[in-house]
Each structure stands twice: as structure tokens, then as C-alpha cells.
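The structure file target.cif is reproduced below (mmCIF, C-alpha atoms; chains and numbers go by the auth columns).
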data_run
#
loop_
_atom_site.group_PDB
_atom_site.id
_atom_site.type_symbol
_atom_site.label_atom_id
_atom_site.label_comp_id
_atom_site.label_asym_id
_atom_site.label_seq_id
_atom_site.Cartn_x
_atom_site.Cartn_y
_atom_site.Cartn_z
_atom_site.B_iso_or_equiv
_atom_site.auth_seq_id
_atom_site.auth_asym_id
ATOM 1 C CA MET A 1 27.513 -39.933 52.876 0.00 261 A
ATOM 2 C CA ALA A 2 26.782 -36.474 51.377 0.00 262 A
ATOM 3 C CA VAL A 3 23.042 -36.023 51.006 0.00 263 A
ATOM 4 C CA SER A 4 21.357 -33.360 48.880 0.00 264 A
ATOM 5 C CA ILE A 5 17.797 -32.204 48.349 0.00 265 A
ATOM 6 C CA ARG A 6 17.367 -31.731 44.623 0.00 266 A
ATOM 7 C CA LEU A 7 15.097 -32.095 41.600 0.00 267 A
ATOM 8 C CA THR A 8 14.803 -35.164 39.379 0.00 268 A
ATOM 9 C CA ARG A 9 13.257 -34.646 35.964 0.00 269 A
ATOM 10 C CA GLY A 10 10.296 -36.599 34.758 0.00 270 A
ATOM 11 C CA GLY A 11 7.661 -36.059 32.094 0.00 271 A
ATOM 12 C CA SER A 12 8.022 -36.210 28.348 0.00 272 A
ATOM 13 C CA LYS A 13 9.757 -33.999 25.805 0.00 273 A
ATOM 14 C CA LYS A 14 8.928 -30.303 26.188 0.00 274 A
ATOM 15 C CA ARG A 15 6.690 -31.142 29.175 0.00 275 A
ATOM 16 C CA PRO A 16 8.906 -31.237 32.272 0.00 276 A
ATOM 17 C CA TYR A 17 7.758 -32.464 35.649 0.00 277 A
ATOM 18 C CA TYR A 18 10.093 -32.633 38.627 0.00 278 A
ATOM 19 C CA LYS A 19 10.160 -34.599 41.875 0.00 279 A
ATOM 20 C CA ILE A 20 11.818 -33.004 44.897 0.00 280 A
ATOM 21 C CA VAL A 21 13.923 -35.810 46.349 0.00 281 A
ATOM 22 C CA VAL A 22 16.559 -36.502 48.965 0.00 282 A
ATOM 23 C CA ALA A 23 19.410 -38.365 47.276 0.00 283 A
ATOM 24 C CA ASP A 24 23.071 -39.209 47.590 0.00 284 A
ATOM 25 C CA ALA A 25 25.045 -36.338 46.043 0.00 285 A
ATOM 26 C CA ARG A 26 27.067 -38.838 43.962 0.00 286 A
ATOM 27 C CA ALA A 27 23.978 -40.457 42.398 0.00 287 A
ATOM 28 C CA PRO A 28 22.896 -39.510 38.849 0.00 288 A
ATOM 29 C CA ARG A 29 20.322 -36.744 38.415 0.00 289 A
ATOM 30 C CA ASP A 30 17.416 -39.038 37.589 0.00 290 A
ATOM 31 C CA GLY A 31 18.847 -42.062 39.387 0.00 291 A
ATOM 32 C CA LYS A 32 18.149 -43.740 42.687 0.00 292 A
ATOM 33 C CA PHE A 33 16.972 -41.511 45.555 0.00 293 A
ATOM 34 C CA ILE A 34 16.395 -41.966 49.280 0.00 294 A
ATOM 35 C CA GLU A 35 13.022 -40.256 49.719 0.00 295 A
ATOM 36 C CA LYS A 36 10.569 -38.178 47.679 0.00 296 A
ATOM 37 C CA ILE A 37 9.478 -35.094 49.644 0.00 297 A
ATOM 38 C CA GLY A 38 7.548 -33.127 47.004 0.00 298 A
ATOM 39 C CA THR A 39 6.853 -32.213 43.377 0.00 299 A
ATOM 40 C CA TYR A 40 7.366 -29.219 41.088 0.00 300 A
ATOM 41 C CA ASN A 41 5.370 -28.634 37.893 0.00 301 A
ATOM 42 C CA PRO A 42 6.765 -25.597 36.002 0.00 302 A
ATOM 43 C CA LEU A 43 3.949 -25.749 33.429 0.00 303 A
ATOM 44 C CA LEU A 44 1.369 -24.554 35.951 0.00 304 A
ATOM 45 C CA ALA A 45 0.763 -20.865 36.682 0.00 305 A
ATOM 46 C CA LYS A 46 3.064 -19.271 39.237 0.00 306 A
ATOM 47 C CA ASP A 47 0.229 -18.598 41.654 0.00 307 A
ATOM 48 C CA ASP A 48 -1.158 -22.157 41.427 0.00 308 A
ATOM 49 C CA GLU A 49 -0.885 -24.047 44.744 0.00 309 A
ATOM 50 C CA LYS A 50 -0.091 -27.328 42.956 0.00 310 A
ATOM 51 C CA ARG A 51 2.950 -25.845 41.193 0.00 311 A
ATOM 52 C CA VAL A 52 5.166 -26.704 44.185 0.00 312 A
ATOM 53 C CA VAL A 53 3.992 -29.358 46.638 0.00 313 A
ATOM 54 C CA LEU A 54 6.433 -29.900 49.503 0.00 314 A
ATOM 55 C CA ASP A 55 6.345 -31.966 52.709 0.00 315 A
ATOM 56 C CA SER A 56 7.880 -29.364 55.000 0.00 316 A
ATOM 57 C CA ASP A 57 8.204 -31.721 58.011 0.00 317 A
ATOM 58 C CA ARG A 58 10.360 -34.176 56.053 0.00 318 A
ATOM 59 C CA ALA A 59 12.367 -31.271 54.543 0.00 319 A
ATOM 60 C CA LYS A 60 13.097 -29.936 58.056 0.00 320 A
ATOM 61 C CA HIS A 61 14.164 -33.422 59.150 0.00 321 A
ATOM 62 C CA TRP A 62 16.592 -33.846 56.256 0.00 322 A
ATOM 63 C CA LEU A 63 17.989 -30.340 56.732 0.00 323 A
ATOM 64 C CA SER A 64 18.600 -31.111 60.421 0.00 324 A
ATOM 65 C CA VAL A 65 20.454 -34.288 59.406 0.00 325 A
ATOM 66 C CA GLY A 66 22.729 -32.228 57.129 0.00 326 A
ATOM 67 C CA ALA A 67 21.241 -32.469 53.644 0.00 327 A
ATOM 68 C CA GLN A 68 22.219 -29.578 51.376 0.00 328 A
ATOM 69 C CA PRO A 69 19.517 -28.167 49.065 0.00 329 A
ATOM 70 C CA THR A 70 20.303 -27.054 45.521 0.00 330 A
ATOM 71 C CA ASP A 71 19.676 -23.421 44.569 0.00 331 A
ATOM 72 C CA ARG A 72 16.230 -24.074 43.101 0.00 332 A
ATOM 73 C CA VAL A 73 15.118 -26.226 46.036 0.00 333 A
ATOM 74 C CA ALA A 74 16.495 -23.610 48.462 0.00 334 A
ATOM 75 C CA ARG A 75 14.160 -21.092 46.805 0.00 335 A
ATOM 76 C CA PHE A 76 11.211 -23.451 47.280 0.00 336 A
ATOM 77 C CA LEU A 77 12.141 -23.994 50.938 0.00 337 A
ATOM 78 C CA ASP A 78 12.379 -20.229 51.465 0.00 338 A
ATOM 79 C CA VAL A 79 8.912 -19.674 49.995 0.00 339 A
ATOM 80 C CA ALA A 80 7.506 -22.498 52.145 0.00 340 A
ATOM 81 C CA GLY A 81 9.094 -20.930 55.243 0.00 341 A
ATOM 82 C CA VAL A 82 11.205 -23.992 56.038 0.00 342 A
ATOM 83 C CA ARG A 83 14.617 -22.389 55.625 0.00 343 A
ATOM 84 C CA GLU A 84 15.790 -18.818 55.152 0.00 344 A
ATOM 85 C CA ARG A 85 17.728 -18.373 51.933 0.00 345 A
ATOM 86 C CA ALA A 86 20.583 -15.886 52.011 0.00 346 A
ATOM 87 C CA ALA A 87 20.803 -13.635 48.985 0.00 347 A
ATOM 88 C CA ARG A 88 23.745 -14.509 46.813 0.00 348 A
ATOM 89 C CA VAL A 89 26.102 -11.677 46.076 0.00 349 A
ATOM 90 C CA ASN A 90 28.442 -11.810 43.134 0.00 350 A
ATOM 91 C CA PRO A 91 29.995 -8.357 42.730 0.00 351 A
ATOM 92 C CA ASN A 92 32.042 -9.439 39.698 0.00 352 A
ATOM 93 C CA LYS A 93 29.058 -10.643 37.681 0.00 353 A
ATOM 94 C CA GLY A 94 28.077 -7.181 36.459 0.00 354 A
ATOM 95 C CA LYS A 95 31.603 -6.059 35.631 0.00 355 A
ATOM 96 C CA PRO A 96 32.624 -6.021 31.970 0.00 356 A
ATOM 97 C CA GLY A 97 35.441 -8.247 30.740 0.00 357 A
ATOM 98 C CA GLU A 98 38.973 -7.214 29.805 0.00 358 A
ATOM 99 C CA LYS A 99 38.255 -6.529 26.139 0.00 359 A
ATOM 100 C CA ALA A 100 35.164 -4.494 26.957 0.00 360 A
ATOM 101 C CA THR A 101 37.103 -2.358 29.441 0.00 361 A
ATOM 102 C CA GLU A 102 39.862 -1.799 26.861 0.00 362 A
ATOM 103 C CA ARG A 103 37.291 -0.712 24.264 0.00 363 A
ATOM 104 C CA ALA A 104 35.665 1.602 26.796 0.00 364 A
ATOM 105 C CA GLU A 105 39.043 3.161 27.647 0.00 365 A
ATOM 106 C CA GLU A 106 39.838 3.671 23.951 0.00 366 A
ATOM 107 C CA ARG A 107 36.445 5.313 23.407 0.00 367 A
ATOM 108 C CA ALA A 108 37.003 7.553 26.428 0.00 368 A
ATOM 109 C CA THR A 109 40.442 8.660 25.209 0.00 369 A
ATOM 110 C CA LYS A 110 39.091 9.369 21.711 0.00 370 A
ATOM 111 C CA LEU A 111 36.262 11.438 23.163 0.00 371 A
ATOM 112 C CA ALA A 112 38.694 13.323 25.397 0.00 372 A
ATOM 113 C CA GLU A 113 41.005 14.053 22.451 0.00 373 A
ATOM 114 C CA ALA A 114 38.087 15.230 20.324 0.00 374 A
ATOM 115 C CA GLU A 115 36.886 17.479 23.137 0.00 375 A
ATOM 116 C CA GLU A 116 40.387 18.921 23.602 0.00 376 A
ATOM 117 C CA ALA A 117 40.698 19.572 19.869 0.00 377 A
ATOM 118 C CA LYS A 118 37.292 21.254 19.835 0.00 378 A
ATOM 119 C CA THR A 119 38.137 23.520 22.770 0.00 379 A
ATOM 120 C CA ALA A 120 41.540 24.319 21.243 0.00 380 A
ATOM 121 C CA ALA A 121 39.885 25.254 17.940 0.00 381 A
ATOM 122 C CA GLN A 122 37.376 27.467 19.740 0.00 382 A
ATOM 123 C CA ALA A 123 40.157 29.123 21.732 0.00 383 A
ATOM 124 C CA ALA A 124 42.207 29.725 18.569 0.00 384 A
ATOM 125 C CA GLU A 125 39.172 31.187 16.811 0.00 385 A
ATOM 126 C CA ALA A 126 38.449 33.448 19.776 0.00 386 A
ATOM 127 C CA GLU A 127 42.080 34.610 19.815 0.00 387 A
ATOM 128 C CA ALA A 128 41.967 35.329 16.079 0.00 388 A
ATOM 129 C CA VAL A 129 38.772 37.374 16.451 0.00 389 A
ATOM 130 C CA ALA A 130 40.204 39.269 19.419 0.00 390 A
ATOM 131 C CA ALA A 131 43.456 39.934 17.556 0.00 391 A
ATOM 132 C CA ALA A 132 41.541 41.185 14.507 0.00 392 A
ATOM 133 C CA GLU A 133 39.476 43.533 16.689 0.00 393 A
ATOM 134 C CA VAL A 134 42.579 44.851 18.412 0.00 394 A
ATOM 135 C CA GLU A 135 44.355 45.296 15.080 0.00 395 A
ATOM 136 C CA ALA A 136 41.362 47.073 13.540 0.00 396 A
ATOM 137 C CA ALA A 137 41.060 49.387 16.526 0.00 397 A
ATOM 138 C CA THR A 138 44.743 50.290 16.630 0.00 398 A
ATOM 139 C CA ALA A 139 45.395 50.550 12.883 0.00 399 A
ATOM 140 C CA GLU A 140 45.014 54.010 11.330 0.00 400 A
ATOM 141 C CA PRO A 141 42.896 54.204 8.194 0.00 401 A
ATOM 142 C CA THR A 142 44.995 54.431 5.039 0.00 402 A
ATOM 143 C CA PRO A 143 44.613 57.414 2.681 0.00 403 A
ATOM 144 C CA GLU A 144 43.150 55.150 -0.027 0.00 404 A
ATOM 145 C CA ALA A 145 40.459 53.869 2.359 0.00 405 A
ATOM 146 C CA GLU A 146 39.637 57.454 3.343 0.00 406 A
ATOM 147 C CA ALA A 147 39.269 58.459 -0.328 0.00 407 A
ATOM 148 C CA VAL A 148 36.916 55.551 -1.015 0.00 408 A
ATOM 149 C CA ALA A 149 34.835 56.436 2.039 0.00 409 A
ATOM 150 C CA GLU A 150 34.621 60.113 0.988 0.00 410 A
ATOM 151 C CA ALA A 151 33.597 59.168 -2.565 0.00 411 A
ATOM 152 C CA ALA A 152 30.871 56.877 -1.238 0.00 412 A
ATOM 153 C CA ALA A 153 29.587 59.663 0.977 0.00 413 A
ATOM 154 C CA ALA A 154 29.592 62.181 -1.930 0.00 414 A
ATOM 155 C CA GLU A 155 27.538 60.031 -4.354 0.00 415 A
ATOM 156 C CA PRO A 156 24.263 59.998 -2.375 0.00 416 A
ATOM 157 C CA THR A 157 24.455 63.765 -1.978 0.00 417 A
ATOM 158 C CA ALA A 158 24.823 64.211 -5.771 0.00 418 A
ATOM 159 C CA ASN A 159 21.687 62.147 -6.462 0.00 419 A
ATOM 160 C CA GLU A 160 19.748 64.064 -3.826 0.00 420 A
ATOM 161 C CA ALA A 161 20.746 67.378 -5.411 0.00 421 A
ATOM 162 C CA THR A 162 18.584 66.807 -8.549 0.00 422 A
ATOM 163 C CA PRO A 163 15.098 66.101 -7.209 0.00 423 A
ATOM 164 C CA ASP A 164 13.265 67.782 -10.186 0.00 424 A
ATOM 165 C CA SER A 165 14.153 65.043 -12.690 0.00 425 A
ATOM 166 C CA ASP A 166 11.311 62.772 -13.909 0.00 426 A
ATOM 167 C CA ALA A 167 11.088 59.143 -12.996 0.00 427 A
ATOM 168 C CA GLY A 168 10.798 58.290 -16.699 0.00 428 A
ATOM 169 C CA ASP A 169 14.008 60.142 -17.514 0.00 429 A
ATOM 170 C CA THR A 170 16.013 58.251 -14.956 0.00 430 A
ATOM 171 C CA ALA A 171 15.082 54.864 -16.412 0.00 431 A
ATOM 172 C CA ASP A 172 17.913 54.429 -18.910 0.00 432 A
ATOM 173 C CA THR A 173 18.132 51.254 -20.926 0.00 433 A
ATOM 174 C CA ALA A 174 20.638 49.859 -23.350 0.00 434 A
ATOM 175 C CA GLU A 175 18.478 51.108 -26.266 0.00 435 A
ATOM 176 C CA GLY A 176 18.818 54.740 -25.342 0.00 436 A
ATOM 177 C CA LYS A 177 15.865 57.086 -26.155 0.00 437 A
ATOM 178 C CA SER A 178 13.487 54.298 -27.246 0.00 438 A
ATOM 179 C CA ALA A 179 12.538 53.883 -23.615 0.00 439 A
ATOM 180 C CA GLN A 180 11.148 57.448 -23.622 0.00 440 A
ATOM 181 C CA ALA A 181 9.107 57.080 -26.834 0.00 441 A
ATOM 182 C CA PRO A 182 5.433 56.165 -26.514 0.00 442 A
ATOM 183 C CA ALA A 183 4.488 52.636 -27.333 0.00 443 A
ATOM 184 C CA GLU A 184 2.624 52.109 -30.615 0.00 444 A
ATOM 185 C CA GLY A 185 -0.252 49.921 -30.343 0.00 445 A
#

Could you render the structure as C-alpha cells?
Amino acid sequence: MAVSIRLTRGGSKKRPYYKIVVADARAPRDGKFIEKIGTYNPLLAKDDEKRVVLDSDRAKHWLSVGAQPTDRVARFLDVAGVRERAARVNPNKGKPGEKATERAEERATKLAEAEEAKTAAQAAEAEAVAAAEVEAATAEPTPEAEAVAEAAAAEPTANEATPDSDAGDTADTAEGKSAQAPAEG
């Protein structure tokens, strides 16, 4: 007969209270059991000594006979020092599912394409700037551009040549000489 050490639920609605029992593995959860070896009250504080009460001698006996504890009871036995509980390792638990990995791959490819397009645009812009600089450096100025540059250079010298003109005379308006006449008032 397969024997397990497990919890049976008692208490009322929303107020659970468990007995730690040794029972046939085929028996119902709250059904007939062989022996009660402790209690568990999850409503008490975690550091309360009455939260888990366990008869460790009887637990050792049933473990030596071959009873298998459930996960929760194995934790209680580990805390009580009756039995060492091996850490459970499930390397696949943290891995994303198929759809999530597909979405992640699609996002990664989109980001890679966007990055490639950005670098290509920057490279093309850099090439265009470099080509414009090379073209400007190698191209000879046209005669029209030279004439415009000479005319621009001649204008400031013409204005500087007449320093004895009044500031009032240089202020021309659309009305002509009315700007020079004194204001009546």
C-alpha cells in the first residue's frame, strides 16, 4: 500500500486549518487516514510556534517505513530538521513560450532593420557632405560668382568713403524731405 504524509483540510469557509496525517495515497483528501502526526494553521503569524505542530518521532518512523511526503509537508519536515529537502530545479519554468519567442524574434529583427537603415542614412549623408566638400574645393569659381563677390566688396568701401554726411541726411523715408523738416508742435 502506498502511504503518503499530507495535509487534510478542516475549518470553515475562509478559515482553513490543516491536520498533518499519514494516509493511503488512494484515499480522498479529507477522507480516512491512518495516523495524525501534527497540525498546520496558516492563519497564525509565520514566526508563531503553534503555526506548525509536528510529532517528529512519528514522522521519522513513517518516513523509514516508506511514506512519501507532499511538497508542503516536505517543507515542514525540512524546517523541523526531520528530513532534508532537495531544492527543485525546473530550468524550463522561466523560459518563454513559443509565441513569446516568435514575438521577441520579430521585435529583434525590426530593431536590427531600423538600426541598419539609420546607419545607412548616416553613411549616405556623410558621403553627400564629403562629396559636396570635394566638389566645392575642386570647382573653380565662375566669372558671375567672382563679379558678385567683387561688387559686394566694393559697396562697403563706397559707404566708408563719405564719412562727413549727417546722420539725419542718411535717414531717407518714403515721404522724401519731410523727414528733414522740423516737427511743428

Could you state which residues are captured by the PyMOL selection byres ((chain A and resi 315-327) around 6) in this file, as a ChimeraX atom specification?
/A:263-264,297-298,314,328

Could you tell me how far CA of Asp308 in chain A lies from CA of Val339 in chain A, in Å and to one decimal?
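A separation of 13.5 Å between them.
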
Written as a VMD selection string, which residues does the PyMOL selection byres ((chain A and resi 276-289) around 8) give for the file shown?
chain A and resid 261 to 275 290 to 303 314 322 327 333

Separation of CA of Leu371 in chain A and CA of Gly354 in chain A, in Å?
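Interatomic distance, CA of Leu371 in chain A to CA of Gly354 in chain A: 24.3 Å.
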
Evaluate the PyMOL selection byres ((chain A and resi 344) around 12) and record the selected residues as a PyMOL selection string, following the chain and residue labels used in the document.
chain A and resi 320+323+329+333-343+345-347

Could you tell me how far CA of Ala374 in chain A sits from CA of Ala388 in chain A, in Å to one decimal place?
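So the two atoms, CA of Ala388 in chain A and CA of Ala374 in chain A, lie 20.9 Å apart.
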